[in-house]
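First comes the structure, then the notes that go with it.
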Amino acid sequence: MTSALQVLGGGGVGIFPTHIEATFYAQGAAFAKGDVVQVDCVSSVQGTNAIDAASTSTDPGGMGTSVFSNVVTPTAGGIKRGILAVCLDASVADGSPGRFLLSGITDSVFMIAATGDIAIGNELVATTAKNLDAIVAPDERIVGIALEAKTNAGGASTRSLMKAWFNGLPGGFGMDTGT
């Protein structure tokens, strides 16, 4: 368990974000470095692969034997309430293990600006297209803070690997209430 002191404390000046990464099996799709995925706590693709077919236990851990061992493409419900992660490996094939970031600073997460630009410090939300987006609407969970600016010169559909402070754990950085 991460305490507030681990996240906000340290030995110097300022805050020191906790870096949490884990190994998961990709299920239902292959993932690339920077893709935003969700931990498949409900085994939504159970039976797709031999590894996933064994994922019937709800006990944490046990690579390939627990729903907590798999990541899938994010769903609308997963974005709002699930555990999210960022793929750290160049590529992870469907049914294969890979490294994923649950919380911390990353220099390689896919971002897209549906409209406008992304400025340093912008709040970021996850999308079902495996990106972070600067569009924050009421009742969306904030899971990232942009640490790099992106102009929308390439158009709204251009994905870019960028630097962000990511927190895919439940609660993230909080919810945008629209106020």
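Lettering and numbering for the structure tokens are positional, with chains as A, B, ... in the shown order, residues counted from 1 in each chain, and ligands counted from 1 in the shown order.
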Skipping near chain neighbours, those fewer than 6 positions away, what residues fall within 8 Å of range 127-137 of chain A using only C-alpha atoms, listed as an mmCIF file with C-alpha atoms, in the first residue's frame?
data_model
loop_
_atom_site.group_PDB
_atom_site.id
_atom_site.type_symbol
_atom_site.label_atom_id
_atom_site.label_comp_id
_atom_site.auth_asym_id
_atom_site.auth_seq_id
_atom_site.Cartn_x
_atom_site.Cartn_y
_atom_site.Cartn_z
ATOM 1 C CA ASP A 35 -0.944 2.453 -24.903
ATOM 2 C CA VAL A 36 -3.309 3.064 -21.988
ATOM 3 C CA VAL A 37 -4.964 -0.208 -20.923
ATOM 4 C CA THR A 73 -8.334 -2.396 -24.131
ATOM 5 C CA PRO A 74 -10.144 0.115 -21.871
ATOM 6 C CA THR A 75 -13.928 0.162 -21.688
ATOM 7 C CA ALA A 76 -16.106 3.136 -20.716
ATOM 8 C CA ILE A 79 -12.026 4.270 -17.588
ATOM 9 C CA VAL A 109 2.236 7.643 -22.968
ATOM 10 C CA PHE A 110 0.035 8.233 -25.989
ATOM 11 C CA MET A 111 -1.781 11.569 -25.858
ATOM 12 C CA ILE A 112 -4.233 13.096 -28.233
ATOM 13 C CA ALA A 113 -5.929 16.487 -28.206
ATOM 14 C CA ALA A 114 -9.488 15.937 -29.427
ATOM 15 C CA THR A 115 -9.778 19.714 -29.674
ATOM 16 C CA ASP A 117 -3.837 21.934 -27.513
ATOM 17 C CA ILE A 118 -2.359 20.178 -24.498
ATOM 18 C CA GLY A 144 -2.805 12.087 -15.798
ATOM 19 C CA ARG A 159 -1.441 10.403 -31.305
ATOM 20 C CA ASP A 176 -13.802 16.528 -12.606
ATOM 21 C CA THR A 177 -17.111 17.708 -11.183
ATOM 22 C CA GLY A 178 -17.701 20.294 -13.882
#
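Omitting Gly171 in chain A and its sequence neighbours fewer than 6 positions away, and counting only C-alpha atoms, the residues within 12 Å are Gly78, Ile79, Lys80, Arg81, Gly82, Ile83, Leu84, Ser103, Val125, Asp139, Glu140, Arg141, Ile142, Val143 and Gly144 of chain A.
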task: Rounded to one decimal place, report the CA of Val86 in chain A-CA of Phe166 in chain A distance in Å.
output: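 Those two atoms sit 8.3 Å apart.
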field: Nearest residue to Ala126 in chain A from the set A:Pro97, A:Val13, A:Gly172, A:Phe31 (distances using only C-alpha atoms)
entry: A:Gly172
query: Between A:Ile120, A:Ile105, A:Val92, A:Met175, which one has atoms that come closest to His19 in chain A, using only C-alpha atoms?
result: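 Among the listed residues, A:Ile105 lies closest to His19 in chain A.
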query: Which distance in Å separates CA of Ala90 in chain A and CA of Gly116 in chain A, to one decimal?
result: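 Going from CA of Ala90 in chain A over to CA of Gly116 in chain A covers 28.6 Å.
Interatomic distance, CA of Gln38 in chain A to CA of Val72 in chain A: 5.5 Å.
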Got a sec: who's within 9 Å of Ala93 in chain A, counting only C-alpha atoms, leaving out chain neighbours fewer than 6 positions off, as a short mmCIF file (atom, residue, chain, number, x, y, z; two decimals) with N, CA and C atoms, in the first residue's frame?
data_model
loop_
_atom_site.label_atom_id
_atom_site.label_comp_id
_atom_site.auth_asym_id
_atom_site.auth_seq_id
_atom_site.Cartn_x
_atom_site.Cartn_y
_atom_site.Cartn_z
N TYR A 25 -0.44 -9.96 -18.37
CA TYR A 25 -0.64 -10.59 -19.68
C TYR A 25 -1.58 -9.72 -20.50
N ALA A 26 -1.22 -9.45 -21.76
CA ALA A 26 -2.11 -8.75 -22.70
C ALA A 26 -3.19 -9.74 -23.12
N GLN A 27 -4.44 -9.31 -23.11
CA GLN A 27 -5.54 -10.19 -23.49
C GLN A 27 -6.45 -9.48 -24.48
N ALA A 29 -5.91 -8.33 -27.37
CA ALA A 29 -5.23 -7.45 -28.33
C ALA A 29 -3.75 -7.39 -27.98
N ALA A 30 -2.97 -6.95 -28.95
CA ALA A 30 -1.55 -6.64 -28.70
C ALA A 30 -1.47 -5.18 -28.29
N PHE A 31 -0.49 -4.84 -27.46
CA PHE A 31 -0.33 -3.47 -27.01
C PHE A 31 1.07 -2.96 -27.33
N ALA A 32 1.16 -1.66 -27.60
CA ALA A 32 2.43 -1.01 -27.91
C ALA A 32 2.82 -0.06 -26.79
#
